>>> print(open('final-v5.cif').read())   # mmCIF, C-alpha atoms and all ligand atoms
data_upload
#
loop_
_atom_site.label_atom_id
_atom_site.label_comp_id
_atom_site.auth_asym_id
_atom_site.auth_seq_id
_atom_site.Cartn_x
_atom_site.Cartn_y
_atom_site.Cartn_z
CA MET A 1 0.00 0.00 0.00
CA PRO A 2 1.37 3.49 -0.81
CA SER A 3 2.23 6.04 1.88
CA ILE A 4 -0.82 8.08 2.70
CA ALA A 5 0.90 11.30 1.60
CA ASP A 6 1.58 9.85 -1.87
CA ALA A 7 -1.85 8.28 -1.99
CA LEU A 8 -3.58 11.56 -1.19
CA ARG A 9 -1.53 13.37 -3.81
CA SER A 10 -2.59 10.92 -6.46
CA THR A 11 -6.24 10.43 -5.51
CA LEU A 12 -7.32 13.95 -4.52
CA GLY A 13 -8.03 16.30 -7.39
CA ALA A 14 -5.86 19.42 -7.75
CA ALA A 15 -8.72 21.63 -6.54
CA GLN A 16 -9.30 19.47 -3.44
CA LEU A 17 -5.58 19.43 -2.62
CA ASP A 18 -5.45 23.18 -2.94
CA VAL A 19 -8.44 23.66 -0.62
CA ALA A 20 -6.96 21.20 1.87
CA GLN A 21 -3.62 23.00 1.92
CA ARG A 22 -5.15 26.44 2.28
CA LEU A 23 -7.35 25.17 5.04
CA ALA A 24 -4.30 23.80 6.83
CA SER A 25 -2.62 27.22 6.64
CA ALA A 26 -5.78 28.84 7.98
CA CYS A 27 -5.80 26.38 10.87
CA GLU A 28 -2.15 27.04 11.64
CA GLU A 29 -2.88 30.75 11.75
CA LEU A 30 -5.86 30.18 14.04
CA GLY A 31 -3.95 27.82 16.35
CA CYS A 32 -5.75 24.56 15.57
CA GLN A 33 -5.09 21.43 13.46
CA ALA A 34 -6.85 20.00 10.46
CA TYR A 35 -6.92 16.33 9.41
CA ILE A 36 -8.32 14.55 6.41
CA VAL A 37 -10.44 11.76 7.85
CA GLY A 38 -12.83 8.90 7.23
CA GLY A 39 -13.69 7.77 3.72
CA THR A 40 -11.19 10.15 2.11
CA VAL A 41 -8.25 8.44 3.84
CA ARG A 42 -9.68 4.96 3.28
CA ASP A 43 -10.21 5.56 -0.42
CA ALA A 44 -6.77 7.14 -0.87
CA LEU A 45 -5.13 4.06 0.64
CA LEU A 46 -7.18 1.88 -1.68
CA GLY A 47 -6.09 4.04 -4.61
CA LEU A 48 -9.67 5.13 -5.32
CA PRO A 49 -10.53 8.67 -6.39
CA ALA A 50 -11.93 10.77 -3.55
CA ALA A 51 -15.62 11.56 -3.83
CA ASP A 52 -15.59 14.14 -1.02
CA LEU A 53 -12.99 15.82 1.08
CA ASP A 54 -13.78 15.02 4.72
CA VAL A 55 -11.85 17.29 7.06
CA THR A 56 -11.90 17.34 10.86
CA VAL A 57 -10.58 20.28 12.85
CA VAL A 58 -9.15 19.73 16.32
CA SER A 59 -9.43 22.44 19.03
CA PRO A 60 -10.98 25.11 16.86
CA PRO A 61 -11.10 28.59 18.44
CA ASP A 62 -14.41 30.33 19.15
CA ASP A 63 -16.21 31.45 16.07
CA PHE A 64 -14.03 29.18 13.93
CA PRO A 65 -16.45 28.88 10.97
CA ASN A 66 -16.58 32.66 10.45
CA ARG A 67 -12.87 33.12 10.97
CA VAL A 68 -11.82 30.35 8.61
CA ALA A 69 -14.29 31.60 6.00
CA ALA A 70 -12.75 35.08 6.26
CA PHE A 71 -9.22 33.61 6.02
CA LEU A 72 -10.08 31.61 2.90
CA GLY A 73 -12.17 34.39 1.34
CA ALA A 74 -15.07 31.90 1.32
CA ARG A 75 -18.74 32.32 2.14
CA LEU A 76 -20.09 30.58 5.23
CA ILE A 77 -23.23 28.79 4.10
CA MET A 78 -24.07 26.95 7.30
CA ALA A 79 -22.70 26.45 10.82
CA SER A 80 -24.50 24.15 13.26
CA GLN A 81 -24.42 23.78 17.01
CA PHE A 82 -23.01 20.25 16.45
CA GLY A 83 -19.75 21.73 15.20
CA THR A 84 -20.29 21.29 11.49
CA ALA A 85 -19.93 24.02 8.89
CA LYS A 86 -20.24 24.34 5.16
CA LEU A 87 -18.23 26.89 3.18
CA GLU A 88 -18.53 27.90 -0.42
CA LYS A 89 -15.86 29.35 -2.62
CA GLU A 90 -16.02 29.80 -6.35
CA GLY A 91 -18.80 27.27 -6.69
CA SER A 92 -17.19 24.43 -4.71
CA THR A 93 -18.17 23.53 -1.18
CA LEU A 94 -16.14 22.27 1.73
CA ASP A 95 -17.62 20.45 4.72
CA LEU A 96 -15.86 20.99 8.00
CA VAL A 97 -16.45 18.98 11.14
CA MET A 98 -15.00 19.85 14.52
CA ALA A 99 -13.41 16.85 16.22
CA ARG A 100 -15.96 15.50 18.64
CA SER A 101 -16.73 12.92 21.19
CA GLU A 102 -20.10 11.16 21.27
CA ARG A 103 -21.98 9.38 24.03
CA TYR A 104 -25.07 7.26 23.39
CA ARG A 105 -27.64 7.34 26.22
CA SER A 106 -29.88 4.66 24.71
CA PRO A 107 -29.82 2.42 21.63
CA GLY A 108 -30.81 4.29 18.49
CA ALA A 109 -31.05 7.70 20.18
CA LEU A 110 -28.94 10.51 18.79
CA PRO A 111 -25.70 10.82 20.76
CA ASP A 112 -24.69 13.64 23.10
CA VAL A 113 -21.97 15.48 21.25
CA THR A 114 -19.11 17.43 22.83
CA ALA A 115 -15.85 18.82 21.45
CA GLY A 116 -13.16 16.17 21.59
CA SER A 117 -9.61 15.22 20.68
CA LEU A 118 -8.64 13.58 17.39
CA ASP A 119 -8.58 10.27 19.23
CA ASP A 120 -12.15 10.78 20.50
CA ASP A 121 -13.21 11.69 17.02
CA LEU A 122 -11.76 8.54 15.49
CA THR A 123 -13.11 6.34 18.28
CA ARG A 124 -16.72 7.47 17.67
CA ARG A 125 -16.59 6.15 14.09
CA ASP A 126 -18.14 3.02 12.70
CA PHE A 127 -15.35 0.77 11.39
CA ALA A 128 -11.57 0.73 11.68
CA ILE A 129 -11.24 1.29 7.91
CA ASN A 130 -13.13 4.58 8.39
CA ALA A 131 -11.31 5.62 11.55
CA MET A 132 -8.01 6.91 10.19
CA ALA A 133 -6.79 10.46 9.78
CA ALA A 134 -4.00 12.14 7.81
CA SER A 135 -2.47 15.36 9.10
CA LEU A 136 -2.70 18.47 6.98
CA ASP A 137 -0.13 20.39 9.07
CA ALA A 138 2.70 21.56 6.83
CA ALA A 139 5.30 20.12 9.24
CA LYS A 140 3.78 16.63 9.27
CA TRP A 141 1.79 16.61 6.04
CA GLY A 142 0.22 13.27 5.33
CA GLU A 143 1.23 11.64 8.62
CA LEU A 144 -1.21 8.77 9.18
CA VAL A 145 -3.06 8.53 12.49
CA ASP A 146 -4.43 5.00 12.75
CA PRO A 147 -5.18 4.03 16.37
CA HIS A 148 -7.60 1.22 15.48
CA GLY A 149 -5.61 -0.67 12.86
CA GLY A 150 -7.62 0.50 9.86
CA ARG A 151 -4.72 0.18 7.45
CA ARG A 152 -4.17 -3.41 8.44
CA ASP A 153 -7.87 -4.13 7.91
CA LEU A 154 -7.70 -2.61 4.44
CA GLU A 155 -4.85 -4.96 3.66
CA LEU A 156 -6.74 -7.94 5.06
CA GLY A 157 -10.05 -6.92 3.47
CA LEU A 158 -11.95 -6.67 6.75
CA VAL A 159 -14.89 -4.64 8.00
CA ARG A 160 -14.42 -4.44 11.76
CA ALA A 161 -16.46 -2.45 14.27
CA LEU A 162 -14.55 -0.48 16.87
CA HIS A 163 -16.26 -1.80 19.99
CA GLU A 164 -18.80 -4.38 21.05
CA ARG A 165 -21.69 -1.93 21.56
CA SER A 166 -21.26 -0.29 18.19
CA PHE A 167 -24.43 -1.66 16.57
CA GLN A 168 -26.51 -1.18 19.69
CA ASP A 169 -25.50 2.46 19.77
CA ASP A 170 -26.36 2.92 16.15
CA ALA A 171 -27.88 0.09 14.16
CA THR A 172 -27.60 2.01 10.88
CA ARG A 173 -24.03 0.75 11.01
CA ILE A 174 -25.39 -2.69 10.06
CA LEU A 175 -26.49 -1.24 6.72
CA ARG A 176 -23.15 0.53 6.41
CA ALA A 177 -21.27 -2.74 7.08
CA ALA A 178 -23.13 -4.39 4.20
CA ARG A 179 -22.35 -1.43 1.96
CA TYR A 180 -18.61 -1.50 2.58
CA ALA A 181 -18.34 -5.30 2.53
CA SER A 182 -20.05 -5.47 -0.86
CA ARG A 183 -18.40 -2.39 -2.33
CA PHE A 184 -14.87 -3.51 -1.56
CA GLY A 185 -15.46 -7.27 -1.56
CA PHE A 186 -14.41 -7.36 2.12
CA ARG A 187 -15.58 -9.83 4.73
CA LEU A 188 -16.79 -9.11 8.24
CA ASP A 189 -14.38 -9.65 11.07
CA ALA A 190 -15.64 -12.68 13.04
CA GLU A 191 -16.42 -10.70 16.20
CA THR A 192 -18.20 -8.00 14.19
CA ALA A 193 -20.31 -10.67 12.49
CA LYS A 194 -21.38 -11.99 15.91
CA GLN A 195 -22.20 -8.48 17.10
CA ILE A 196 -24.39 -7.90 14.06
CA GLU A 197 -26.17 -11.19 14.66
CA ARG A 198 -26.96 -10.09 18.20
CA SER A 199 -27.97 -6.55 17.23
CA GLY A 200 -30.65 -7.00 14.57
CA GLY A 201 -33.32 -6.10 17.11
CA TYR A 202 -31.82 -2.64 17.44
CA LEU A 203 -32.73 -1.77 13.87
CA VAL A 204 -36.29 -1.14 15.04
CA SER A 205 -34.94 1.47 17.45
CA ILE A 206 -33.63 3.77 14.76
CA SER A 207 -35.84 6.42 13.26
CA PRO A 208 -37.46 5.69 9.88
CA ASP A 209 -35.57 8.67 8.48
CA ARG A 210 -32.17 7.28 9.39
CA PHE A 211 -33.03 3.78 8.15
CA LYS A 212 -34.37 5.20 4.90
CA HIS A 213 -31.33 7.37 4.38
CA GLU A 214 -28.88 4.49 4.85
CA LEU A 215 -30.98 2.08 2.77
CA GLU A 216 -31.13 4.60 -0.07
CA ARG A 217 -27.34 4.74 0.12
CA VAL A 218 -27.37 0.96 -0.30
CA PHE A 219 -29.53 1.42 -3.44
CA GLU A 220 -26.81 3.73 -4.78
CA GLU A 221 -24.05 1.14 -4.49
CA SER A 222 -23.06 -0.34 -7.83
CA ARG A 223 -22.96 -3.74 -6.09
CA VAL A 224 -26.35 -3.15 -4.51
CA SER A 225 -27.37 -6.74 -5.17
CA SER A 226 -24.66 -8.23 -2.98
CA ALA A 227 -25.27 -5.61 -0.23
CA ILE A 228 -28.97 -6.56 -0.11
CA GLU A 229 -28.05 -10.24 -0.18
CA LEU A 230 -25.83 -9.76 2.86
CA LEU A 231 -28.52 -7.85 4.75
CA SER A 232 -31.00 -10.54 3.88
CA GLU A 233 -28.63 -13.32 5.00
CA TRP A 234 -28.17 -11.47 8.29
CA GLU A 235 -32.01 -11.28 8.50
CA MET A 236 -31.96 -7.51 8.87
CA LEU A 237 -34.70 -6.57 6.45
CA GLY A 238 -37.88 -8.42 7.43
CA LEU A 239 -40.90 -6.83 9.05
CA THR A 240 -41.87 -10.17 10.54
CA GLY A 241 -39.72 -13.32 10.42
CA GLY A 242 -38.75 -14.49 6.97
CA ASP A 243 -41.03 -12.23 4.93
CA PHE A 244 -38.17 -10.55 3.07
CA VAL A 245 -36.88 -12.78 0.31
CA TYR A 246 -33.74 -11.68 -1.51
CA ASP A 247 -34.02 -12.12 -5.24
CA GLU A 248 -30.77 -11.96 -7.17
CA THR A 249 -32.43 -11.44 -10.56
CA SER A 250 -34.39 -8.36 -9.46
CA TRP A 251 -31.47 -6.65 -7.77
CA SER A 252 -28.92 -7.34 -10.51
CA GLY A 253 -31.46 -6.19 -13.09
CA PHE A 254 -32.09 -3.09 -11.01
CA ALA A 255 -28.38 -2.26 -10.81
CA GLU A 256 -28.16 -2.48 -14.59
CA ALA A 257 -31.41 -0.75 -15.48
CA CYS A 258 -31.17 2.36 -13.28
CA ALA A 259 -28.15 4.67 -13.36
CA VAL A 260 -26.44 5.42 -10.04
CA GLY A 261 -27.44 8.88 -8.81
CA SER A 262 -30.61 9.12 -10.93
CA SER A 263 -33.97 9.76 -9.28
CA GLU A 264 -35.10 6.59 -11.03
CA ARG A 265 -32.54 4.60 -9.04
CA ARG A 266 -33.96 5.72 -5.71
CA LEU A 267 -37.61 5.26 -6.66
CA VAL A 268 -37.32 1.95 -8.49
CA GLY A 269 -35.14 0.81 -5.56
CA TRP A 270 -38.11 1.25 -3.21
CA GLY A 271 -40.29 -0.67 -5.66
CA VAL A 272 -37.89 -3.61 -5.92
CA PHE A 273 -37.34 -3.56 -2.15
CA SER A 274 -41.11 -3.60 -1.49
CA LEU A 275 -41.61 -6.54 -3.85
CA CYS A 276 -39.12 -8.61 -1.83
CA PHE A 277 -41.76 -8.68 0.93
CA GLN A 278 -44.03 -11.62 0.36
CA THR A 279 -46.97 -10.94 2.61
CA VAL A 280 -47.09 -7.19 3.21
CA ARG A 281 -50.15 -4.97 2.68
CA SER A 282 -49.79 -2.50 -0.17
CA SER A 283 -49.21 0.43 2.18
CA GLY A 284 -47.02 -1.60 4.57
CA ILE A 285 -43.58 -0.45 3.45
CA ALA A 286 -44.59 3.17 2.86
CA LEU A 287 -46.06 3.44 6.35
CA ARG A 288 -43.33 1.50 8.14
CA TRP A 289 -40.54 3.74 6.89
CA LYS A 290 -42.60 6.90 6.41
CA LEU A 291 -41.62 7.14 2.76
CA ASP A 292 -42.00 10.47 0.97
CA HIS A 293 -44.86 10.90 -1.47
CA ASP A 294 -43.05 9.71 -4.61
CA ALA A 295 -41.41 6.67 -3.00
CA SER A 296 -44.73 5.74 -1.30
CA MET A 297 -46.50 5.79 -4.65
CA VAL A 298 -43.90 3.48 -6.17
CA SER A 299 -43.90 1.10 -3.23
CA MET A 300 -47.70 0.89 -3.05
CA ASP A 301 -48.16 0.68 -6.81
CA ALA A 302 -45.58 -2.09 -7.12
CA LEU A 303 -47.37 -4.15 -4.47
CA LYS A 304 -50.83 -3.42 -5.93
CA LEU A 305 -49.64 -4.30 -9.41
CA ARG A 306 -48.34 -7.63 -8.12
CA GLU A 307 -51.80 -8.37 -6.68
CA ARG A 308 -53.56 -7.27 -9.84
CA LEU A 309 -51.39 -9.40 -12.11
CA ARG A 310 -52.04 -12.43 -9.95
CA VAL A 311 -55.62 -12.31 -11.29
CA SER A 312 -55.27 -10.69 -14.73
CA ASP A 313 -52.90 -12.12 -17.27
CA LEU A 314 -51.46 -9.31 -19.38
CA ASN A 315 -50.97 -11.71 -22.23
CA ASN A 316 -54.73 -12.20 -22.56
CA LEU A 317 -55.22 -8.50 -23.18
CA ALA A 318 -54.92 -6.56 -26.42
CA PRO A 319 -52.23 -3.85 -26.32
CA SER A 320 -54.90 -1.20 -25.63
CA GLY A 321 -56.13 -3.28 -22.68
CA GLN A 322 -52.59 -3.63 -21.36
CA VAL A 323 -52.09 0.11 -21.54
CA ALA A 324 -55.46 0.78 -19.87
CA LEU A 325 -54.40 -1.49 -17.01
CA LEU A 326 -50.77 -0.45 -16.61
CA GLU A 327 -51.14 3.30 -16.96
CA ASN A 328 -52.85 3.35 -13.56
CA TYR A 329 -49.51 2.51 -11.97
CA SER A 330 -46.37 4.57 -11.55
CA PRO A 331 -43.91 3.82 -14.39
CA TYR A 332 -41.22 3.22 -11.75
CA ALA A 333 -43.45 0.59 -10.14
CA VAL A 334 -44.00 -1.08 -13.51
CA LEU A 335 -40.24 -1.28 -14.03
CA ALA A 336 -39.74 -2.63 -10.49
CA PHE A 337 -42.37 -5.29 -11.14
CA GLN A 338 -40.82 -6.19 -14.47
CA LEU A 339 -37.45 -6.65 -12.77
CA SER A 340 -39.00 -8.96 -10.21
CA THR A 341 -41.21 -11.10 -12.41
CA ARG A 342 -40.06 -14.60 -13.25
CA ASP A 343 -42.62 -15.09 -15.95
CA GLY A 344 -41.00 -14.63 -19.36
CA THR A 345 -44.14 -13.64 -21.27
CA THR A 346 -45.19 -11.12 -18.61
CA ASN A 347 -41.68 -9.71 -18.69
CA ASP A 348 -41.89 -9.31 -22.48
CA ALA A 349 -45.31 -7.67 -22.27
CA LEU A 350 -44.08 -5.20 -19.64
CA ASP A 351 -41.00 -4.46 -21.66
CA GLU A 352 -43.08 -3.79 -24.75
CA TYR A 353 -45.38 -1.54 -22.71
CA ARG A 354 -42.54 0.53 -21.25
CA THR A 355 -40.41 0.84 -24.33
CA LYS A 356 -43.04 1.05 -27.10
CA LEU A 357 -46.68 1.24 -26.12
CA THR A 358 -46.37 4.24 -23.78
CA SER A 359 -45.14 6.42 -26.63
CA ILE A 360 -47.79 5.46 -29.20
CA ARG A 361 -50.09 8.39 -30.06
CA PRO A 362 -52.58 8.97 -32.87
CA ASP A 363 -51.62 11.40 -35.64
CA LEU A 364 -54.80 13.42 -35.26
CA ASP A 365 -55.20 15.80 -32.35
CA GLY A 366 -58.18 17.51 -30.72
CA HIS A 367 -58.35 20.27 -33.33
CA ASP A 368 -58.35 17.71 -36.12
CA VAL A 369 -61.20 15.67 -34.69
CA ILE A 370 -63.29 18.82 -34.08
CA ALA A 371 -62.63 19.87 -37.68
CA LEU A 372 -63.94 16.43 -38.73
CA GLY A 373 -67.22 17.10 -36.93
CA VAL A 374 -66.77 15.81 -33.37
CA PRO A 375 -68.62 18.25 -31.05
CA ARG A 376 -66.45 20.16 -28.55
CA GLY A 377 -66.62 18.66 -25.02
CA PRO A 378 -66.23 15.12 -23.68
CA ARG A 379 -66.74 13.54 -27.11
CA VAL A 380 -63.36 14.89 -28.18
CA GLY A 381 -61.65 12.90 -25.42
CA GLU A 382 -63.61 9.79 -26.40
CA ALA A 383 -62.61 10.17 -30.05
CA LEU A 384 -58.93 10.61 -29.15
CA GLN A 385 -59.00 7.60 -26.83
CA MET A 386 -60.63 5.55 -29.59
CA LEU A 387 -57.85 6.61 -31.98
CA LYS A 388 -55.14 5.80 -29.49
CA ASN A 389 -56.60 2.33 -28.85
CA ALA A 390 -56.89 1.74 -32.58
CA ARG A 391 -53.24 2.72 -33.04
CA LEU A 392 -52.16 0.47 -30.19
CA ASP A 393 -54.13 -2.48 -31.58
CA ARG A 394 -52.98 -1.67 -35.10
CA THR A 395 -56.49 -1.47 -36.51
CA VAL A 396 -55.44 1.86 -38.03
CA GLU A 397 -52.03 2.49 -39.51
CA SER A 398 -52.16 5.88 -41.19
CA ARG A 399 -53.60 9.35 -40.84
CA ASN A 400 -56.13 8.41 -43.51
CA ASP A 401 -57.28 5.38 -41.51
CA GLU A 402 -57.68 7.62 -38.48
CA THR A 403 -59.72 10.14 -40.46
CA LEU A 404 -62.05 7.36 -41.66
CA LEU A 405 -62.48 6.10 -38.13
CA VAL A 406 -63.39 9.57 -36.84
CA ARG A 407 -65.90 10.01 -39.64
CA GLN A 408 -67.58 6.71 -38.64
CA PHE A 409 -67.61 7.96 -35.05
CA VAL A 410 -69.31 11.21 -36.12
CA THR A 411 -71.88 9.33 -38.18
CA LYS A 412 -72.73 7.16 -35.20
CA LEU A 413 -73.09 10.23 -32.99
CA ASP A 414 -75.44 11.80 -35.53
CA GLN A 415 -77.60 8.67 -35.47
CA GLU A 416 -77.93 8.64 -31.66
P1 LIG B 1 -18.96 6.67 1.47
O1 LIG B 1 -17.85 6.42 0.53
O2 LIG B 1 -19.93 5.58 1.51
O3 LIG B 1 -19.64 8.00 1.36
P2 LIG B 1 -17.81 7.78 3.78
O4 LIG B 1 -16.77 7.14 4.61
O5 LIG B 1 -17.51 9.06 3.14
O6 LIG B 1 -18.23 6.63 2.81
P3 LIG B 1 -20.02 9.01 5.15
O7 LIG B 1 -21.36 8.40 5.42
O8 LIG B 1 -19.94 10.19 4.28
O9 LIG B 1 -19.11 7.85 4.66
O10 LIG B 1 -19.42 9.35 6.56
C1 LIG B 1 -18.15 9.96 6.72
C2 LIG B 1 -17.44 9.32 7.89
O11 LIG B 1 -18.21 9.52 9.07
C3 LIG B 1 -17.28 7.80 7.77
O12 LIG B 1 -16.08 7.49 7.10
C4 LIG B 1 -17.27 7.36 9.20
O13 LIG B 1 -15.99 7.52 9.75
C5 LIG B 1 -18.18 8.35 9.89
N1 LIG B 1 -19.55 7.85 10.04
C6 LIG B 1 -20.60 8.03 9.20
N2 LIG B 1 -21.71 7.45 9.66
C7 LIG B 1 -21.38 6.89 10.84
C8 LIG B 1 -22.09 6.16 11.83
N3 LIG B 1 -23.38 5.85 11.69
N4 LIG B 1 -21.41 5.77 12.92
C9 LIG B 1 -20.12 6.09 13.09
N5 LIG B 1 -19.38 6.75 12.19
C10 LIG B 1 -19.99 7.17 11.09
#
>>> encode(input="final-v5.cif", output="structure tokens", more="lines below")
Ligand code: ATP
Amino acid sequence: MPSIADALRSTLGAAQLDVAQRLASACEELGCQAYIVGGTVRDALLGLPAADLDVTVVSPPDDFPNRVAAFLGARLIMASQFGTAKLEKEGSTLDLVMARSERYRSPGALPDVTAGSLDDDLTRRDFAINAMAASLDAAKWGELVDPHGGRRDLELGLVRALHERSFQDDATRILRAARYASRFGFRLDAETAKQIERSGGYLVSISPDRFKHELERVFEESRVSSAIELLSEWEMLGLTGGDFVYDETSWSGFAEACAVGSSERRLVGWGVFSLCFQTVRSSGIALRWKLDHDASMVSMDALKLRERLRVSDLNNLAPSGQVALLENYSPYAVLAFQLSTRDGTTNDALDEYRTKLTSIRPDLDGHDVIALGVPRGPRVGEALQMLKNARLDRTVESRNDETLLVRQFVTKLDQE
């Protein structure tokens, strides 16, 4: 493994390095120390490009956020009572966190936070691989601080919690463990695996918001399928025993079909997740995790669609009938259901619906049908629907055919 100083130089972008170095000078001036921490150090040692620059400041003076912003000529966007601040300069943002110590009063509750030393700050973290720091001080630039053996774990490919109460304090770490294990192809340290086994019950103690947030981060992993498989093997995802069934095909299909970072990824993720539950009511997932409006719609529609297609076979319907049925459901839910279905002909019908049928429109529009004699009002909608169905079922194939059909419609109306 490279030295952390070399690793940071090669994995941080020039702009991030520049910000980090200027921040270090600001800290020196203000009598405190800055360290790159967490995922940034981990990824540098793994030779992966840094997504964010995580910086922790030890012993910041009073009013540090304002003073450092002034020193850097940056704008202070946010400073919280928990010692976090966000600065903006020339369009890029920098997140600062003051080194802190945390104490958990009860499982799942938010911790009491106080200012702390670098050691405190590293000890409050989730896994040894995320509990390393690299100094930004000019005199000891890039010196690695690794009190928990994170570098060794990276070499061994291990996800290891820092203490035995870690998952009781914060059960979202179970989801995080699955994320890192699958992302890096690491295994759980044996003791950590036992702790997770004992701590599943604590997942109910965390707020729906925190669970949702971490699960949505799982959806964003490119190896989401193996992260969900791990969580399922550890029995962390059921509402009641055994009702969550991991399905490799759905999750691999999902990872391929929805781009990381797209809104589709998040929403279809909730649909696929909901469909892994075998016996849940249609609103069960949305209510349990207090999903937002869009995710609730997808979750409920996916489950309702599954029920509906248990009794109606899409393949017995003409294309217009398929569209009439499926357009009542969110398109994200239709995709989620398609990913989860094992029936080849249903899969083909859903694929055809999503990729072709939804974009089929008649040539004639409302003005055209009025010009052909359809009276203004609800009859216009009826005529357009008739044309759309005829297009879908291929009983008309040209503008001329459509015109003839509208004329027949008008004649019938005149006879009524
Ligand atoms: P990723 O690459 O997934 O974003 P990251 O390491 O940047 O990984 P973040 O969720 O951004 O992860 O958190 C930043 C750091 O904060 C982590 O590296 C970890 O040290 C710490 N951390 C985050 N969440 C927790 C938690 N629930 N418990 C303890 N430490 C945490």
>>> closest_residue(input="final-v5.cif", among="A:Gly200, A:Pro60, A:Gly185, A:Gly108", to="ligand LIG 1 (chain B)", atoms="all atoms listed in the file")
A:Gly108
>>> closest_residue(input="final-v5.cif", among="A:Leu136, A:Leu291, A:Leu372, A:Ala259", to="Gly271 of chain A", atoms="all atoms listed in the file")
A:Leu291
>>> closest_residue(input="final-v5.cif", among="A:Gln278, A:Ser262, A:Asn66, A:Ser166", to="Arg103 of chain A", atoms="all atoms listed in the file")
A:Ser166
>>> residues_near_ligand(input="final-v5.cif", ligand="ligand LIG 1 (chain B)", cutoff="9 Å", atoms="only C-alpha atoms and all ligand atoms", output="MDAnalysis selection string")
chainID A and resid 37:43 50:54 121:132 166:167 169:174 176 179:180 183 214 217:218 221
>>> write_last_selection(input="final-v5.cif", atoms="C-alpha atoms", output="PDB file, keeping the file's coordinate frame")
ATOM      1  CA  VAL A  37     -10.440  11.760   7.850  1.00  0.00           C
ATOM      2  CA  GLY A  38     -12.830   8.900   7.230  1.00  0.00           C
ATOM      3  CA  GLY A  39     -13.690   7.770   3.720  1.00  0.00           C
ATOM      4  CA  THR A  40     -11.190  10.150   2.110  1.00  0.00           C
ATOM      5  CA  VAL A  41      -8.250   8.440   3.840  1.00  0.00           C
ATOM      6  CA  ARG A  42      -9.680   4.960   3.280  1.00  0.00           C
ATOM      7  CA  ASP A  43     -10.210   5.560  -0.420  1.00  0.00           C
ATOM      8  CA  ALA A  50     -11.930  10.770  -3.550  1.00  0.00           C
ATOM      9  CA  ALA A  51     -15.620  11.560  -3.830  1.00  0.00           C
ATOM     10  CA  ASP A  52     -15.590  14.140  -1.020  1.00  0.00           C
ATOM     11  CA  LEU A  53     -12.990  15.820   1.080  1.00  0.00           C
ATOM     12  CA  ASP A  54     -13.780  15.020   4.720  1.00  0.00           C
ATOM     13  CA  ASP A 121     -13.210  11.690  17.020  1.00  0.00           C
ATOM     14  CA  LEU A 122     -11.760   8.540  15.490  1.00  0.00           C
ATOM     15  CA  THR A 123     -13.110   6.340  18.280  1.00  0.00           C
ATOM     16  CA  ARG A 124     -16.720   7.470  17.670  1.00  0.00           C
ATOM     17  CA  ARG A 125     -16.590   6.150  14.090  1.00  0.00           C
ATOM     18  CA  ASP A 126     -18.140   3.020  12.700  1.00  0.00           C
ATOM     19  CA  PHE A 127     -15.350   0.770  11.390  1.00  0.00           C
ATOM     20  CA  ALA A 128     -11.570   0.730  11.680  1.00  0.00           C
ATOM     21  CA  ILE A 129     -11.240   1.290   7.910  1.00  0.00           C
ATOM     22  CA  ASN A 130     -13.130   4.580   8.390  1.00  0.00           C
ATOM     23  CA  ALA A 131     -11.310   5.620  11.550  1.00  0.00           C
ATOM     24  CA  MET A 132      -8.010   6.910  10.190  1.00  0.00           C
ATOM     25  CA  SER A 166     -21.260  -0.290  18.190  1.00  0.00           C
ATOM     26  CA  PHE A 167     -24.430  -1.660  16.570  1.00  0.00           C
ATOM     27  CA  ASP A 169     -25.500   2.460  19.770  1.00  0.00           C
ATOM     28  CA  ASP A 170     -26.360   2.920  16.150  1.00  0.00           C
ATOM     29  CA  ALA A 171     -27.880   0.090  14.160  1.00  0.00           C
ATOM     30  CA  THR A 172     -27.600   2.010  10.880  1.00  0.00           C
ATOM     31  CA  ARG A 173     -24.030   0.750  11.010  1.00  0.00           C
ATOM     32  CA  ILE A 174     -25.390  -2.690  10.060  1.00  0.00           C
ATOM     33  CA  ARG A 176     -23.150   0.530   6.410  1.00  0.00           C
ATOM     34  CA  ARG A 179     -22.350  -1.430   1.960  1.00  0.00           C
ATOM     35  CA  TYR A 180     -18.610  -1.500   2.580  1.00  0.00           C
ATOM     36  CA  ARG A 183     -18.400  -2.390  -2.330  1.00  0.00           C
ATOM     37  CA  GLU A 214     -28.880   4.490   4.850  1.00  0.00           C
ATOM     38  CA  ARG A 217     -27.340   4.740   0.120  1.00  0.00           C
ATOM     39  CA  VAL A 218     -27.370   0.960  -0.300  1.00  0.00           C
ATOM     40  CA  GLU A 221     -24.050   1.140  -4.490  1.00  0.00           C
TER      41      GLU A 221
END
>>> residues_around(input="final-v5.cif", residues="segment 345-354 of chain A", least_positions_apart="3", cutoff="8 Å", atoms="only C-alpha atoms", output="ChimeraX atom specification")
/A:313-315,322-323,331,334-335,338-339,341-342,357-358
>>> atom_distance(input="final-v5.cif", atom1="atom CA of Ala178 of chain A", atom2="atom CA of Glu235 of chain A")
12.0 Å
>>> residues_around(input="final-v5.cif", residues="Val260 of chain A", least_positions_apart="5", cutoff="12 Å", atoms="only C-alpha atoms", output="NGL selection string")
:A and (216-224 or 254-255 or 265-269)
>>> closest_residue(input="final-v5.cif", among="A:Gly253, A:Gly83, A:Gly261, A:Gly157", to="Phe64 of chain A", atoms="all atoms listed in the file")
A:Gly83
>>> decode(input="final-v5.cif", residues="segment 259-266 of chain A", atoms="C-alpha atoms", output="JSON list (two decimals), in the first residue's frame")
[["chain", "number", "residue", "atom", "x", "y", "z"],
["A", 259, "ALA", "CA", -28.15, 4.67, -13.36],
["A", 260, "VAL", "CA", -26.44, 5.42, -10.04],
["A", 261, "GLY", "CA", -27.44, 8.88, -8.81],
["A", 262, "SER", "CA", -30.61, 9.12, -10.93],
["A", 263, "SER", "CA", -33.97, 9.76, -9.28],
["A", 264, "GLU", "CA", -35.10, 6.59, -11.03],
["A", 265, "ARG", "CA", -32.54, 4.60, -9.04],
["A", 266, "ARG", "CA", -33.96, 5.72, -5.71]]
